[in-house]
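Colleague: My questions all concern the structure below.
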Amino acid sequence: MPDYSRMEQDNVNSYVASAIIRVAQDRVISDVASATLPPSVGSDASVFEAAPAALGIHTIYASASSSREALSRVEKWELQAVARRLLPAERLRVCCISVVPDAPGVKVLHSPSRSSAHYGGLMRCSSVWVCPVCSAKISEVRRGELERVIGWWRGCDDGLVAMVTLTVSHGRHDDLGALLAALRRAFRSMTGSRRYKALFEDYGVAHTVRGLEVTWGYDNGWHPHLHILLFMVPELNIDSMEDEIFAMWSAAAGRVGLVIDRKHGVKLQATTGAIGDYVSKYGKGKWSAADELARANSKRGRGDRFAPFDLLRQVAFSRESQFADLFVEYARVFKGQRHLVFSKNLRAAASLLDKTDEQIVDELHEDAVLLALLGEREWAAVRGLGLRGQVLEVARAGDKAVLGDYVDAVVALWLTSPRTTQSRLEVLRGAGRQAAVLD
Ligand SMILES: [Zn+2]
């Protein structure tokens with residue numbers, strides 16, 4: 001949850017108005033005043049009153065205590081809008097905004113088996129690093145892949161999966177590009193060494209999956225680091241393995257001018273048999289070892305550490321201007337970096353298809369049914385009012401009539417909203433889809 005107490009009132013208002021208005025067929029709160037709002041919001045209800053009156057349908061305001069999952073689903077659309085403003089030259093600018101050429105409109109699709117909804121016919125950026133919308137989808141699929149290879153390996157003679165985390169010491173003012181380049185050089189130097197290969201042979205490491213991630217903190221600045229899952233034979237005692245890797249990592253880092261400290265430089269977690277348990281025990285929404293790797297860049301920062309999408313939240317809600325610069329720097333440096341790297345043959349051995357990020361974001365669920373086809377004006381209204389996430393929340397119920405009512409109400413609201421006059425005129429004049437990039 002965002003820290004409402006730290007937001008400025010205007011930001012809170014627009015955030016709440018656009019992020020958490022949603023329809024719940026079975027939870028009708030007709031009296032908006034009785035709905036629970038986050039503490040700092042209640043005093044200024046003008047923004048909120050307009051919506052339900054104009055929407056004319058059952059609308060509730062999700063409070064801080066109501067569905068966190070719904071909030072998080074909607075929030076990624078809000079954060080994407082923030083990222084788009086920061087990176088106007090990236091493909092992100094058209095992601096889930098522009099309709100693909102020759103498409104009849106924007107499809108709103110519903111997947112009954114998952115009770116989920118998504119759009120079809122929209123351009124995508126497929127960036128796992130900077131796009132909260134694409135990243136959510138890619139990460140979900142990658143997490144499933146990790147679960148699958150981990151399960152497969154454990155099923156192979158009770159194979160052991162352990163995780164090594166490699167970090168380097170860094171300071172508040174270190175340049176992320178230079179730090180990441182050095183980290184990668186050190187990693188190549190270590191993994192290319194005969195000693196490292198011998199270690200893998202000694203411990204029976206057959207496959208690996210490497211994940212790259214980064215956080216930022218006030219004290220020590222950027223913190224790029226690597227997680228490596230080791231798929232190894234179970235019989236050996238791996239207690240000494242961490243020390244051996246530390247010696248190699250320390251030497252390799254030294255060669256590229258980096259410093260490693262023993263406490264943080266290398267961490268080996270031999271989560272024998274525990275990784276699968278993590279997943280089933282914590283389930284959806286909790287972080288397991290698989291999540292840690294696959295969803296690292298959407299992870300909320302712990303303490304004073306910020307994951308990349310936390311930086312976007314800070315851009316939206318804090319007074320500090322540095323967060324925009326930090327996100328832009330991160331986007332520049334991480335562009336083109338590989339997110340998860342499966343070692344050669346691992347996918348084939350585990351019967352896993354090799355899907356690119358682009359294939360994942362373009363994939364539609366097999367049982368997807370068309371709930372609505374939004375025309376230019378409807379889509380302009382949804383975008384103009386910043387309700388792309390909310391439309392999908394409504395669509396999750398799979399009810400065409402309810403969705404149709406909602407979209408009609410959104411268009412009516414848009415037609416009367418003073419904030420969208422210019423963009424509305426462009427659409428009404430038939431200025432074309434590309435000219436009407438609104439939100
Ligand atoms: Zn995207």
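Simple scheme: letters A, B, ... for chains in structure tokens order, numbers from 1 for residues in each chain, numbers from 1 for ligands in the order shown.
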As a PyMOL selection string, please: the residues near A:Val361 (cut-off 9 Å, only C-alpha atoms, same-chain neighbours under 2 positions excluded).
Modeller: chain A and resi 124-126+134-135+137-138+356-359+363-364
Colleague: Write out as a tab-separated table (two decimals) with C-alpha atoms, in the first residue's frame which residues come within 9 Å of stretch 235-251 of chain A when counting only C-alpha atoms, dropping same-chain ones fewer than 6 positions away.
Modeller:
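Here's the written file result_17.tsv:
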```tsv
chain	number	residue	atom	x	y	z
A	159	GLY	CA	17.65	-33.04	-6.57
A	160	LEU	CA	18.70	-30.09	-4.45
A	164	VAL	CA	23.44	-17.96	-4.25
A	166	LEU	CA	26.17	-12.16	-5.18
A	168	VAL	CA	29.34	-5.94	-4.19
A	186	ALA	CA	33.37	-9.76	-12.24
A	187	PHE	CA	30.69	-12.38	-12.79
A	189	SER	CA	35.57	-13.48	-14.75
A	190	MET	CA	34.45	-15.79	-11.96
A	193	SER	CA	37.50	-19.61	-14.33
A	195	ARG	CA	38.17	-23.13	-10.39
A	196	TYR	CA	34.51	-22.22	-10.67
A	199	LEU	CA	33.44	-26.32	-8.01
A	202	ASP	CA	32.51	-31.16	-7.30
A	203	TYR	CA	29.05	-30.25	-6.10
A	204	GLY	CA	27.22	-31.77	-9.01
A	258	LEU	CA	35.13	-3.79	-6.69
A	259	VAL	CA	35.15	-4.59	-3.01
A	260	ILE	CA	33.33	-7.47	-1.38
A	261	ASP	CA	32.62	-7.89	2.29
A	262	ARG	CA	32.20	-11.30	3.80
A	265	GLY	CA	29.11	-10.44	-0.61
A	266	VAL	CA	27.93	-14.02	-0.94
A	267	LYS	CA	24.94	-15.69	0.58
A	268	LEU	CA	24.10	-19.32	-0.06
A	269	GLN	CA	20.67	-20.54	0.88
A	270	ALA	CA	20.34	-24.27	0.55
```
Colleague: Can you list every residue of chain A that has an atom at most 9 Å from ligand 1, with its nearest atom pair and the distance in Å to one decimal, using only C-alpha atoms and all ligand atoms, ordered by chain then number, as CSV?
Modeller:
```
residue,atom,partner,partner_atom_place_in_ligand_line,distance
A:Gln80,CA,ligand 1,1 (Zn),7.8
A:Arg91,CA,ligand 1,1 (Zn),7.8
A:Leu92,CA,ligand 1,1 (Zn),5.5
A:Arg93,CA,ligand 1,1 (Zn),8.5
A:Val94,CA,ligand 1,1 (Zn),8.1
A:Cys95,CA,ligand 1,1 (Zn),4.7
A:Cys96,CA,ligand 1,1 (Zn),6.7
A:Met123,CA,ligand 1,1 (Zn),8.2
A:Arg124,CA,ligand 1,1 (Zn),4.9
A:Cys125,CA,ligand 1,1 (Zn),3.9
A:Ser126,CA,ligand 1,1 (Zn),5.0
A:Ser127,CA,ligand 1,1 (Zn),5.6
A:Val128,CA,ligand 1,1 (Zn),7.8
A:Val130,CA,ligand 1,1 (Zn),7.7
A:Cys131,CA,ligand 1,1 (Zn),4.6
A:Pro132,CA,ligand 1,1 (Zn),6.9
A:Val133,CA,ligand 1,1 (Zn),5.5
A:Cys134,CA,ligand 1,1 (Zn),4.2
A:Ser135,CA,ligand 1,1 (Zn),7.1
A:Val361,CA,ligand 1,1 (Zn),8.2
```
Colleague: DSSP on the backbone: what in stretch 75-120 of chain A comes out strand (DSSP E), as a list in words?
Modeller: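 Here are the strand (DSSP E) residues of stretch 75-120 of chain A: Val106, Lys107, Val108, Leu109, His110, Ser111, Ser116, Ala117, His118, Tyr119 and Gly120 of chain A.
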Colleague: Keeping N, CA and C atoms, export the residues of the selection given above as a tab-separated table (two decimals), in the first residue's frame.
Modeller:
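Below is the file that was written, again.tsv:
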```tsv
chain	number	residue	atom	x	y	z
A	106	VAL	N	-10.50	-1.93	-29.40
A	106	VAL	CA	-9.83	-2.55	-28.25
A	106	VAL	C	-10.73	-3.66	-27.70
A	107	LYS	N	-10.21	-4.85	-27.69
A	107	LYS	CA	-11.00	-5.96	-27.16
A	107	LYS	C	-10.84	-6.03	-25.65
A	108	VAL	N	-11.97	-6.19	-24.97
A	108	VAL	CA	-11.91	-6.51	-23.54
A	108	VAL	C	-12.27	-7.99	-23.43
A	109	LEU	N	-11.30	-8.77	-22.98
A	109	LEU	CA	-11.47	-10.23	-22.97
A	109	LEU	C	-11.56	-10.74	-21.54
A	110	HIS	N	-12.33	-11.78	-21.39
A	110	HIS	CA	-12.51	-12.37	-20.07
A	110	HIS	C	-12.11	-13.84	-20.11
A	111	SER	N	-11.38	-14.25	-19.11
A	111	SER	CA	-10.99	-15.65	-19.02
A	111	SER	C	-11.75	-16.29	-17.86
A	116	SER	N	-10.22	-13.66	-14.80
A	116	SER	CA	-9.38	-12.49	-15.05
A	116	SER	C	-9.81	-11.82	-16.35
A	117	ALA	N	-9.32	-10.63	-16.57
A	117	ALA	CA	-9.67	-9.90	-17.78
A	117	ALA	C	-8.43	-9.22	-18.32
A	118	HIS	N	-8.37	-9.07	-19.62
A	118	HIS	CA	-7.24	-8.38	-20.22
A	118	HIS	C	-7.67	-7.77	-21.55
A	119	TYR	N	-6.78	-6.95	-22.09
A	119	TYR	CA	-7.08	-6.28	-23.36
A	119	TYR	C	-6.47	-7.04	-24.53
A	120	GLY	N	-7.12	-6.92	-25.67
A	120	GLY	CA	-6.56	-7.41	-26.92
A	120	GLY	C	-6.58	-6.28	-27.93
```
Colleague: A:Val149, A:Ala252, A:Met232, A:Lys355: which is nearest A:Ala162, counting only C-alpha atoms?
Modeller: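 The answer is A:Met232, which sits nearest to A:Ala162.
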Colleague: Give me the residues within 9 Å of stretch 302-315 of chain A as a ChimeraX atom specification, counting only C-alpha atoms and dropping any in the same chain fewer than 6 places off.
Modeller: /A:2,76,79-80,82-83,129-132,213-219,221,296,321-324,326-327,330-331
Colleague: Can those selected residues be exported to a file as a PDB file, in the first residue's frame so that it contains C-alpha atoms?
Modeller:
```pdb
ATOM      1  CA  PRO A   2       1.177   3.503  -0.643  1.00  0.00           C
ATOM      2  CA  LYS A  76       0.182  -1.149 -12.124  1.00  0.00           C
ATOM      3  CA  LEU A  79       2.457   3.325 -12.276  1.00  0.00           C
ATOM      4  CA  GLN A  80       2.706   2.674 -15.990  1.00  0.00           C
ATOM      5  CA  VAL A  82       3.969   7.581 -14.357  1.00  0.00           C
ATOM      6  CA  ALA A  83       6.721   5.643 -16.150  1.00  0.00           C
ATOM      7  CA  TRP A 129      12.215  -3.555 -16.574  1.00  0.00           C
ATOM      8  CA  VAL A 130      10.216  -0.385 -17.022  1.00  0.00           C
ATOM      9  CA  CYS A 131       6.600  -1.322 -17.743  1.00  0.00           C
ATOM     10  CA  PRO A 132       4.578  -2.352 -14.698  1.00  0.00           C
ATOM     11  CA  GLU A 213      17.910  -7.199  -9.949  1.00  0.00           C
ATOM     12  CA  VAL A 214      18.538  -3.829  -8.402  1.00  0.00           C
ATOM     13  CA  THR A 215      17.321  -1.719  -5.544  1.00  0.00           C
ATOM     14  CA  TRP A 216      18.164   1.793  -4.441  1.00  0.00           C
ATOM     15  CA  GLY A 217      18.602   3.115  -0.907  1.00  0.00           C
ATOM     16  CA  TYR A 218      19.325   6.431   0.766  1.00  0.00           C
ATOM     17  CA  ASP A 219      22.401   5.099   2.554  1.00  0.00           C
ATOM     18  CA  GLY A 221      22.661   4.149  -3.423  1.00  0.00           C
ATOM     19  CA  ALA A 296      12.136  -8.744  -8.187  1.00  0.00           C
ATOM     20  CA  SER A 321      12.437  15.074  -7.240  1.00  0.00           C
ATOM     21  CA  GLN A 322      15.343  12.641  -7.171  1.00  0.00           C
ATOM     22  CA  PHE A 323      13.120   9.600  -7.703  1.00  0.00           C
ATOM     23  CA  ALA A 324      12.271  10.571 -11.264  1.00  0.00           C
ATOM     24  CA  LEU A 326      16.701   7.600 -10.410  1.00  0.00           C
ATOM     25  CA  PHE A 327      14.065   5.769 -12.418  1.00  0.00           C
ATOM     26  CA  TYR A 330      17.739   2.783 -14.032  1.00  0.00           C
ATOM     27  CA  ALA A 331      15.717   2.541 -17.248  1.00  0.00           C
TER      28      ALA A 331
END
```
Colleague: Find the spatial neighbours of stretch 381-383 of chain A, counting only C-alpha atoms, within a cut-off of 6 Å - ignore same-chain residues fewer than 3 positions away - and output them as a list in words.
Modeller: Glu378, Gly386, Leu387, Arg388, Val411, Trp414 and Asp439 of chain A
Colleague: If I take atom CA of A:Gly151 and atom CA of A:His264, how far is one from the other in Å, to one decimal?
Modeller: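 Between atom CA of A:Gly151 and atom CA of A:His264 the gap is 28.7 Å.
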Colleague: Which distance in Å separates atom CA of A:Gly177 and atom CA of A:Val333, to one decimal?
Modeller: 5.5 Å
Colleague: Counting only C-alpha atoms, which residues of stretch 72-98 of chain A fall within 10 Å of stretch 390-398 of chain A, and what is the closest atom pair for each with its distance in Å at one decimal, ordered by chain and rising number, as a tab-separated table?
Modeller:
```
residue	atom	partner	partner_atom	distance
A:Arg73	CA	A:Glu393	CA	8.2
A:Val74	CA	A:Gln390	CA	6.3
A:Glu75	CA	A:Gln390	CA	9.6
A:Trp77	CA	A:Gln390	CA	9.1
```
Colleague: Please produce a file of the residues just selected, as a PDB file, in the first residue's frame, where the atoms kept are N, CA and C atoms.
Modeller:
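Produced file part05.pdb, reproduced below:
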```
ATOM      1  N   ARG A  73      -3.572  -4.733  -8.743  1.00  0.00           N
ATOM      2  CA  ARG A  73      -3.859  -4.887 -10.182  1.00  0.00           C
ATOM      3  C   ARG A  73      -4.088  -3.523 -10.838  1.00  0.00           C
ATOM      4  N   VAL A  74      -4.829  -2.694 -10.154  1.00  0.00           N
ATOM      5  CA  VAL A  74      -5.132  -1.378 -10.728  1.00  0.00           C
ATOM      6  C   VAL A  74      -3.910  -0.467 -10.668  1.00  0.00           C
ATOM      7  N   GLU A  75      -3.153  -0.623  -9.589  1.00  0.00           N
ATOM      8  CA  GLU A  75      -2.016   0.273  -9.389  1.00  0.00           C
ATOM      9  C   GLU A  75      -0.996   0.173 -10.517  1.00  0.00           C
ATOM     10  N   TRP A  77      -1.408  -0.008 -13.572  1.00  0.00           N
ATOM     11  CA  TRP A  77      -1.770   0.897 -14.669  1.00  0.00           C
ATOM     12  C   TRP A  77      -1.419   2.332 -14.317  1.00  0.00           C
TER      13      TRP A  77
END
```
Colleague: Calculate how many Å separate atom CA of A:Glu366 from atom CA of A:Arg148, rounding to one decimal.
Modeller: 19.9 Å
Colleague: Neighbours of stretch 103-105 of chain A within 12 Å (only C-alpha atoms; same-chain residues fewer than 4 positions away dropped), as number ranges by chain?
Modeller: A: 97-99, 119-123, 370, 372-380, 433
Colleague: Take the residues that were just selected and, keeping N, CA and C atoms, output them as a PDB file, in the first residue's frame.
Modeller:
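Result written to selection-v3.pdb:
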```pdb
ATOM      1  N   ILE A  97      -1.872   1.650 -24.983  1.00  0.00           N
ATOM      2  CA  ILE A  97      -2.463   2.944 -25.291  1.00  0.00           C
ATOM      3  C   ILE A  97      -2.942   2.915 -26.735  1.00  0.00           C
ATOM      4  N   SER A  98      -1.997   2.624 -27.634  1.00  0.00           N
ATOM      5  CA  SER A  98      -2.308   2.660 -29.067  1.00  0.00           C
ATOM      6  C   SER A  98      -2.864   1.327 -29.535  1.00  0.00           C
ATOM      7  N   VAL A  99      -3.827   1.425 -30.432  1.00  0.00           N
ATOM      8  CA  VAL A  99      -4.447   0.229 -30.995  1.00  0.00           C
ATOM      9  C   VAL A  99      -3.550  -0.273 -32.130  1.00  0.00           C
ATOM     10  N   TYR A 119      -6.776  -6.945 -22.091  1.00  0.00           N
ATOM     11  CA  TYR A 119      -7.079  -6.281 -23.362  1.00  0.00           C
ATOM     12  C   TYR A 119      -6.468  -7.037 -24.532  1.00  0.00           C
ATOM     13  N   GLY A 120      -7.123  -6.920 -25.670  1.00  0.00           N
ATOM     14  CA  GLY A 120      -6.561  -7.412 -26.920  1.00  0.00           C
ATOM     15  C   GLY A 120      -6.577  -6.277 -27.928  1.00  0.00           C
ATOM     16  N   GLY A 121      -5.689  -6.352 -28.910  1.00  0.00           N
ATOM     17  CA  GLY A 121      -5.677  -5.345 -29.970  1.00  0.00           C
ATOM     18  C   GLY A 121      -4.908  -4.088 -29.620  1.00  0.00           C
ATOM     19  N   LEU A 122      -4.134  -4.148 -28.542  1.00  0.00           N
ATOM     20  CA  LEU A 122      -3.334  -2.982 -28.157  1.00  0.00           C
ATOM     21  C   LEU A 122      -1.854  -3.254 -28.377  1.00  0.00           C
ATOM     22  N   MET A 123      -1.111  -2.226 -28.678  1.00  0.00           N
ATOM     23  CA  MET A 123       0.340  -2.370 -28.798  1.00  0.00           C
ATOM     24  C   MET A 123       0.931  -2.560 -27.400  1.00  0.00           C
ATOM     25  N   LEU A 370     -14.711 -12.682 -25.767  1.00  0.00           N
ATOM     26  CA  LEU A 370     -14.824 -11.246 -25.992  1.00  0.00           C
ATOM     27  C   LEU A 370     -16.022 -10.693 -25.227  1.00  0.00           C
ATOM     28  N   ALA A 372     -16.305  -7.113 -24.770  1.00  0.00           N
ATOM     29  CA  ALA A 372     -16.651  -5.828 -25.389  1.00  0.00           C
ATOM     30  C   ALA A 372     -15.585  -5.438 -26.395  1.00  0.00           C
ATOM     31  N   LEU A 373     -16.016  -4.728 -27.409  1.00  0.00           N
ATOM     32  CA  LEU A 373     -15.077  -4.158 -28.366  1.00  0.00           C
ATOM     33  C   LEU A 373     -15.226  -2.637 -28.256  1.00  0.00           C
ATOM     34  N   LEU A 374     -14.185  -1.992 -27.745  1.00  0.00           N
ATOM     35  CA  LEU A 374     -14.277  -0.557 -27.500  1.00  0.00           C
ATOM     36  C   LEU A 374     -13.853   0.219 -28.740  1.00  0.00           C
ATOM     37  N   GLY A 375     -14.708   1.102 -29.176  1.00  0.00           N
ATOM     38  CA  GLY A 375     -14.400   1.961 -30.320  1.00  0.00           C
ATOM     39  C   GLY A 375     -13.502   3.110 -29.900  1.00  0.00           C
ATOM     40  N   GLU A 376     -13.216   3.963 -30.853  1.00  0.00           N
ATOM     41  CA  GLU A 376     -12.260   5.040 -30.611  1.00  0.00           C
ATOM     42  C   GLU A 376     -12.696   5.965 -29.479  1.00  0.00           C
ATOM     43  N   ARG A 377     -13.944   6.335 -29.490  1.00  0.00           N
ATOM     44  CA  ARG A 377     -14.425   7.259 -28.475  1.00  0.00           C
ATOM     45  C   ARG A 377     -14.421   6.612 -27.082  1.00  0.00           C
ATOM     46  N   GLU A 378     -14.844   5.352 -27.041  1.00  0.00           N
ATOM     47  CA  GLU A 378     -14.876   4.670 -25.748  1.00  0.00           C
ATOM     48  C   GLU A 378     -13.474   4.510 -25.166  1.00  0.00           C
ATOM     49  N   TRP A 379     -12.551   4.119 -26.038  1.00  0.00           N
ATOM     50  CA  TRP A 379     -11.180   3.929 -25.555  1.00  0.00           C
ATOM     51  C   TRP A 379     -10.558   5.260 -25.148  1.00  0.00           C
ATOM     52  N   ALA A 380     -10.858   6.305 -25.905  1.00  0.00           N
ATOM     53  CA  ALA A 380     -10.357   7.640 -25.538  1.00  0.00           C
ATOM     54  C   ALA A 380     -10.891   8.047 -24.169  1.00  0.00           C
ATOM     55  N   ARG A 433      -6.572   8.093 -34.054  1.00  0.00           N
ATOM     56  CA  ARG A 433      -6.106   7.436 -32.840  1.00  0.00           C
ATOM     57  C   ARG A 433      -4.772   7.959 -32.369  1.00  0.00           C
TER      58      ARG A 433
END
```
Colleague: Choose the residue, out of A:Leu413, A:Val100, A:His173, A:Arg85, that has the smallest atom-to-atom separation from A:Gly384; count only C-alpha atoms.
Modeller: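 Selected residue with least distance to A:Gly384: A:Leu413.
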Colleague: Just asking: which residues within stretch 104-212 of chain A are alpha helix (DSSP H) according to DSSP, as a count of residues only?
Modeller: 49
